[in-house]
>>> print(open('query-v7.cif').read())   # mmCIF, C-alpha atoms
data_upload
loop_
_atom_site.label_atom_id
_atom_site.label_comp_id
_atom_site.auth_asym_id
_atom_site.auth_seq_id
_atom_site.Cartn_x
_atom_site.Cartn_y
_atom_site.Cartn_z
CA MET A 1 0.00 0.00 0.00
CA THR A 2 1.45 3.34 -1.01
CA GLY A 3 0.41 6.97 -1.19
CA ASP A 4 -1.85 6.21 -4.13
CA THR A 5 -4.56 4.94 -1.81
CA MET A 6 -6.97 7.29 -0.10
CA ALA A 7 -6.07 8.29 3.43
CA VAL A 8 -8.73 8.71 6.07
CA PRO A 9 -9.81 12.36 6.47
CA ASP A 10 -7.80 13.84 9.30
CA PRO A 11 -10.16 13.59 12.29
CA LYS A 12 -10.28 16.30 14.91
CA SER A 13 -8.69 15.15 18.18
CA GLY A 14 -7.99 11.71 16.68
CA ARG A 15 -11.18 10.26 18.15
CA TRP A 16 -12.13 8.52 14.91
CA LEU A 17 -8.75 6.80 14.73
CA ARG A 18 -8.93 5.68 18.34
CA GLN A 19 -12.35 4.15 17.74
CA ILE A 20 -11.08 2.27 14.68
CA ARG A 21 -8.06 1.01 16.62
CA ALA A 22 -10.26 -0.17 19.49
CA ALA A 23 -12.61 -1.95 17.07
CA TRP A 24 -9.68 -3.60 15.28
CA TYR A 25 -8.05 -4.84 18.50
CA ALA A 26 -11.38 -6.21 19.71
CA ALA A 27 -11.99 -7.99 16.40
CA ALA A 28 -8.43 -9.36 16.28
CA LEU A 29 -8.65 -10.72 19.83
CA LEU A 30 -12.00 -12.33 19.00
CA VAL A 31 -10.57 -13.98 15.87
CA LEU A 32 -7.51 -15.23 17.76
CA ALA A 33 -9.71 -16.60 20.54
CA VAL A 34 -11.93 -18.44 18.05
CA VAL A 35 -8.88 -19.99 16.33
CA VAL A 36 -7.35 -21.13 19.63
CA LEU A 37 -10.63 -22.49 21.00
CA ALA A 38 -11.26 -24.31 17.71
CA VAL A 39 -8.04 -26.37 17.93
CA PRO A 40 -9.67 -29.18 19.98
CA GLY A 41 -12.41 -29.30 17.34
CA TYR A 42 -9.82 -29.81 14.61
CA ILE A 43 -8.15 -32.57 16.64
CA ARG A 44 -11.49 -34.26 17.24
CA ALA A 45 -12.32 -34.21 13.52
CA ILE A 46 -9.08 -35.82 12.31
CA PRO A 47 -10.02 -39.42 13.24
CA GLY A 48 -13.63 -39.13 12.12
CA GLY A 49 -13.80 -36.74 9.20
CA PHE A 50 -14.52 -33.07 8.62
CA SER A 51 -17.98 -33.22 7.13
CA VAL A 52 -21.42 -34.03 8.42
CA ILE A 53 -20.76 -37.48 6.94
CA GLN A 54 -18.62 -39.18 9.58
CA PHE A 55 -16.21 -41.97 8.82
CA ALA A 56 -15.05 -44.96 10.84
CA VAL A 57 -13.54 -44.50 14.28
CA ASN A 58 -10.25 -45.90 12.97
CA PRO A 59 -9.99 -44.67 9.37
CA SER A 60 -7.35 -45.74 6.90
CA PRO A 61 -3.97 -43.95 7.01
CA VAL A 62 -4.87 -42.13 3.77
CA VAL A 63 -8.06 -40.62 5.21
CA PHE A 64 -6.32 -39.79 8.50
CA THR A 65 -3.51 -38.03 6.62
CA LEU A 66 -5.93 -36.05 4.47
CA ASN A 67 -7.88 -34.95 7.52
CA ALA A 68 -4.73 -33.90 9.35
CA PHE A 69 -3.50 -32.01 6.27
CA SER A 70 -6.83 -30.18 5.96
CA ALA A 71 -6.69 -29.20 9.63
CA LEU A 72 -3.15 -27.80 9.31
CA ILE A 73 -4.07 -25.86 6.17
CA SER A 74 -7.14 -24.37 7.84
CA VAL A 75 -5.36 -23.31 11.04
CA GLY A 76 -2.34 -22.05 9.11
CA THR A 77 -4.54 -19.99 6.79
CA ALA A 78 -6.38 -18.42 9.71
CA LEU A 79 -3.12 -17.48 11.46
CA LEU A 80 -1.62 -16.13 8.24
CA ALA A 81 -4.70 -13.97 7.63
CA LEU A 82 -4.46 -12.65 11.18
CA PHE A 83 -0.76 -11.81 10.71
CA LEU A 84 -1.36 -10.01 7.39
CA ALA A 85 -4.25 -8.08 8.93
CA PHE A 86 -1.96 -6.95 11.76
CA LEU A 87 0.78 -5.99 9.28
CA LEU A 88 -1.60 -3.79 7.26
CA PHE A 89 -3.03 -2.25 10.41
CA LEU A 90 0.46 -1.51 11.73
CA ARG A 91 1.88 -0.07 8.50
CA ARG A 92 -1.12 1.96 7.25
CA PRO A 93 -3.27 2.88 10.27
CA THR A 94 -4.85 5.94 8.58
CA ASP A 95 -5.39 4.49 5.10
CA ARG A 96 -9.05 3.51 4.86
CA MET A 97 -8.49 0.97 2.07
CA ALA A 98 -5.76 -0.70 4.11
CA LEU A 99 -8.05 -0.70 7.16
CA PHE A 100 -10.86 -2.24 5.13
CA LEU A 101 -8.55 -4.94 3.80
CA SER A 102 -7.26 -5.56 7.34
CA PHE A 103 -10.77 -6.14 8.69
CA TYR A 104 -11.49 -8.27 5.61
CA LEU A 105 -8.54 -10.52 6.44
CA LEU A 106 -9.74 -10.87 10.03
CA ALA A 107 -13.11 -12.07 8.75
CA PHE A 108 -11.39 -14.42 6.32
CA GLY A 109 -9.39 -15.92 9.17
CA VAL A 110 -12.61 -16.86 10.97
CA PHE A 111 -14.43 -18.20 7.93
CA THR A 112 -11.63 -20.54 6.77
CA GLY A 113 -12.82 -23.22 9.19
CA PRO A 114 -12.42 -22.18 12.85
CA ILE A 115 -16.13 -21.45 13.35
CA GLU A 116 -17.07 -24.82 11.90
CA SER A 117 -14.46 -26.60 14.03
CA LEU A 118 -15.65 -24.76 17.11
CA GLY A 119 -19.07 -26.26 16.44
CA ARG A 120 -17.66 -29.78 16.79
CA LEU A 121 -17.22 -29.12 20.49
CA THR A 122 -20.97 -28.55 20.92
CA ASP A 123 -23.92 -30.90 20.84
CA ASP A 124 -25.39 -29.32 17.71
CA TYR A 125 -22.67 -29.31 15.08
CA ASP A 126 -25.12 -29.14 12.17
CA ALA A 127 -26.60 -25.88 13.45
CA ILE A 128 -23.17 -24.29 13.91
CA TYR A 129 -22.08 -25.44 10.47
CA ASN A 130 -25.19 -24.01 8.81
CA LEU A 131 -24.74 -20.78 10.75
CA SER A 132 -21.16 -20.48 9.50
CA VAL A 133 -22.35 -20.95 5.90
CA ILE A 134 -25.04 -18.29 6.29
CA LEU A 135 -22.64 -15.84 7.94
CA PHE A 136 -20.13 -16.44 5.15
CA VAL A 137 -22.74 -15.61 2.54
CA MET A 138 -24.16 -12.63 4.43
CA ILE A 139 -20.82 -11.03 5.39
CA PHE A 140 -17.88 -12.32 3.38
CA TYR A 141 -19.54 -12.36 -0.04
CA PRO A 142 -20.62 -8.67 -0.08
CA ALA A 143 -17.33 -7.66 1.59
CA THR A 144 -15.45 -9.33 -1.28
CA CYS A 145 -17.58 -7.51 -3.85
CA PHE A 146 -16.91 -4.15 -2.19
CA LEU A 147 -13.20 -4.95 -1.94
CA LEU A 148 -12.96 -5.71 -5.66
CA SER A 149 -15.01 -2.59 -6.48
CA LEU A 150 -12.95 -0.20 -4.31
CA PHE A 151 -9.39 -1.53 -4.34
CA PRO A 152 -6.84 0.04 -4.36
CA ASP A 153 -7.82 3.73 -4.01
CA GLY A 154 -11.13 3.46 -2.15
CA ARG A 155 -13.18 4.78 -5.09
CA PHE A 156 -15.79 2.97 -7.17
CA THR A 157 -13.92 2.66 -10.45
CA PRO A 158 -15.41 2.34 -13.01
CA LYS A 159 -18.61 4.04 -11.86
CA TRP A 160 -20.80 1.07 -12.79
CA SER A 161 -19.06 -1.03 -10.14
CA ARG A 162 -21.05 0.83 -7.46
CA PRO A 163 -24.45 -0.72 -8.37
CA LEU A 164 -22.77 -4.13 -8.59
CA ALA A 165 -21.41 -3.79 -5.06
CA ILE A 166 -24.81 -2.61 -3.82
CA ALA A 167 -26.40 -5.59 -5.59
CA SER A 168 -24.29 -7.88 -3.42
CA LEU A 169 -26.02 -6.41 -0.35
CA ILE A 170 -29.34 -7.49 -1.87
CA THR A 171 -28.37 -10.91 -3.21
CA ALA A 172 -26.50 -11.87 -0.01
CA PRO A 173 -29.59 -12.07 2.25
CA VAL A 174 -31.57 -13.69 -0.58
CA SER A 175 -28.93 -16.43 -0.89
CA GLY A 176 -28.74 -16.81 2.89
CA ILE A 177 -32.52 -17.18 3.21
CA ALA A 178 -32.62 -19.60 0.26
CA TYR A 179 -29.98 -21.79 1.91
CA LEU A 180 -31.81 -21.66 5.24
CA LEU A 181 -35.10 -22.69 3.62
CA TRP A 182 -33.41 -25.48 1.68
CA ILE A 183 -31.77 -27.10 4.72
CA ASN A 184 -34.99 -26.89 6.78
CA THR A 185 -37.50 -27.99 4.14
CA PRO A 186 -35.56 -29.46 1.20
CA SER A 187 -37.69 -29.59 -1.92
CA ARG A 188 -37.43 -28.95 -5.65
CA HIS A 189 -38.83 -25.46 -5.19
CA GLN A 190 -36.31 -24.60 -2.47
CA ALA A 191 -33.49 -26.09 -4.52
CA THR A 192 -34.52 -23.96 -7.52
CA LEU A 193 -34.53 -20.85 -5.34
CA LEU A 194 -31.08 -21.72 -4.00
CA VAL A 195 -29.64 -22.34 -7.47
CA GLY A 196 -31.22 -19.15 -8.83
CA SER A 197 -29.87 -16.98 -6.03
CA SER A 198 -26.43 -18.58 -6.41
CA ILE A 199 -26.42 -17.77 -10.12
CA LEU A 200 -27.32 -14.14 -9.39
CA SER A 201 -24.54 -13.92 -6.82
CA GLY A 202 -22.13 -15.46 -9.31
CA ILE A 203 -23.04 -12.84 -11.91
CA VAL A 204 -22.34 -10.07 -9.40
CA VAL A 205 -18.95 -11.60 -8.53
CA LEU A 206 -18.00 -11.88 -12.22
CA GLY A 207 -19.05 -8.26 -12.67
CA VAL A 208 -16.81 -6.91 -9.91
CA LEU A 209 -13.94 -9.12 -11.10
CA TYR A 210 -14.28 -7.57 -14.54
CA ALA A 211 -14.41 -4.10 -12.92
CA GLN A 212 -11.05 -4.80 -11.28
CA PHE A 213 -9.65 -6.03 -14.61
CA TYR A 214 -11.00 -2.92 -16.37
CA ARG A 215 -9.44 -0.69 -13.72
CA TYR A 216 -6.09 -2.44 -14.10
CA ARG A 217 -5.99 -2.21 -17.89
CA ARG A 218 -7.40 1.28 -18.48
CA ILE A 219 -7.39 3.42 -15.35
CA ALA A 220 -4.85 2.35 -12.73
CA SER A 221 -1.47 4.03 -12.37
CA ASP A 222 1.75 2.03 -12.27
CA GLN A 223 1.69 2.04 -8.45
CA GLN A 224 -1.92 0.91 -8.34
CA ARG A 225 -1.21 -1.88 -10.81
CA GLN A 226 1.46 -3.22 -8.49
CA GLN A 227 -1.04 -3.15 -5.62
CA ILE A 228 -3.67 -4.92 -7.73
CA LYS A 229 -1.15 -7.59 -8.71
CA TRP A 230 -0.47 -8.41 -5.06
CA VAL A 231 -4.16 -8.85 -4.29
CA VAL A 232 -4.84 -10.82 -7.48
CA TYR A 233 -1.88 -13.12 -6.79
CA GLY A 234 -3.13 -13.62 -3.24
CA LEU A 235 -6.64 -14.49 -4.42
CA ALA A 236 -5.20 -16.84 -7.07
CA VAL A 237 -3.09 -18.68 -4.49
CA MET A 238 -6.06 -18.89 -2.11
CA LEU A 239 -8.28 -20.33 -4.85
CA SER A 240 -5.59 -22.79 -5.94
CA VAL A 241 -5.09 -24.06 -2.38
CA GLN A 242 -8.84 -24.42 -1.87
CA ILE A 243 -9.16 -26.45 -5.07
CA ALA A 244 -6.14 -28.59 -4.17
CA VAL A 245 -7.56 -29.32 -0.72
CA ALA A 246 -11.13 -29.78 -1.96
CA VAL A 247 -10.27 -32.57 -4.42
CA PRO A 248 -9.10 -35.12 -1.80
CA TYR A 249 -11.62 -33.72 0.70
CA TYR A 250 -14.60 -34.54 -1.48
CA TRP A 251 -12.99 -37.76 -2.67
CA THR A 252 -13.31 -39.06 0.90
CA PHE A 253 -17.10 -38.69 0.55
CA THR A 254 -17.06 -41.58 -1.93
CA LEU A 255 -15.46 -43.98 0.55
CA PRO A 256 -17.68 -46.55 2.29
CA PRO A 257 -18.66 -45.77 5.91
CA ASP A 258 -16.37 -48.50 7.23
#
>>> encode(input="query-v7.cif", output="structure tokens")
Amino acid sequence: MTGDTMAVPDPKSGRWLRQIRAAWYAAALLVLAVVVLAVPGYIRAIPGGFSVIQFAVNPSPVVFTLNAFSALISVGTALLALFLAFLLFLRRPTDRMALFLSFYLLAFGVFTGPIESLGRLTDDYDAIYNLSVILFVMIFYPATCFLLSLFPDGRFTPKWSRPLAIASLITAPVSGIAYLLWINTPSRHQATLLVGSSILSGIVVLGVLYAQFYRYRRIASDQQRQQIKWVVYGLAVMLSVQIAVAVPYYWTFTLPPD
């Protein structure tokens, strides 16, 4: 992050900055607490599996290794997101785009698996898992759309990215409600609603991705292009790791219960 990004308007008496700092520290401590408390949930899931579909008490070495690898990736990702959030907060405490990205990384650290693993320590894992999915859709999805619409200078560029970002605030609760209805009363109608809302959300995501590409090719300065490259590379690595982990993860679903 360099001087090309928009700094926060200089607040009188620094009260605004103190409030942001207090909110960030509170959020960071909450994220760290969730990650630490979720560790026993990760350990408990390794012998039996990470999904609602549980495997044998003594799984094969392959399944055990895959589960352990998934746990390490999830915890490592959460800790890395927390570290990067702290680094941004420390280096650019008055840059509102850096602050937004820092809070975004804190949220990402929670949604990479700690909330779900924390649910394994309760008597109602399914409810916690469904809650984590709904929170992901309601919070992380629109936050991602706003990030791609605003990064790196804090302005909606091009102008048509603003209605796309606002559309994410509308499609997010629709998708969350559709998922909630589907898990409570699964039917063809509910499934159609869920698929339709997911398609709308996908269109919005593709739109903001194209907005970021358009900004990079036609509007961004050399400094901003370097900033965009870092974020794009980070998102590409994240997506690649998720795909790499998901392939063996879902392959275990095809194994017999014993």
>>> residues_around(input="query-v7.cif", residues="Ala28 (chain A)", least_positions_apart="2", cutoff="12 Å", atoms="all atoms listed in the file", output="VMD selection string")
chain A and resid 21 to 26 30 to 35 78 to 79 81 to 86 89 102 to 110
>>> residues_around(input="query-v7.cif", residues="Tyr141 (chain A)", least_positions_apart="4", cutoff="8 Å", atoms="all atoms listed in the file", output="list in words")
Phe136, Val137, Cys145, Ser168 and Ala172 of chain A
>>> residues_around(input="query-v7.cif", residues="Ala98 (chain A)", least_positions_apart="3", cutoff="8 Å", atoms="all atoms listed in the file", output="ChimeraX atom specification")
/A:1,88-89,92-93,95,101-102
>>> closest_residue(input="query-v7.cif", among="A:Leu164, A:Leu147, A:Ile134, A:Ala178", to="Val195 (chain A)", atoms="only C-alpha atoms")
A:Ala178
>>> closest_residue(input="query-v7.cif", among="A:Asn184, A:Asn67, A:Ser60, A:Thr77", to="Gly234 (chain A)", atoms="all atoms listed in the file")
A:Thr77
>>> closest_residue(input="query-v7.cif", among="A:Ala38, A:Met238, A:Ile243, A:Leu148", to="Arg215 (chain A)", atoms="all atoms listed in the file")
A:Leu148
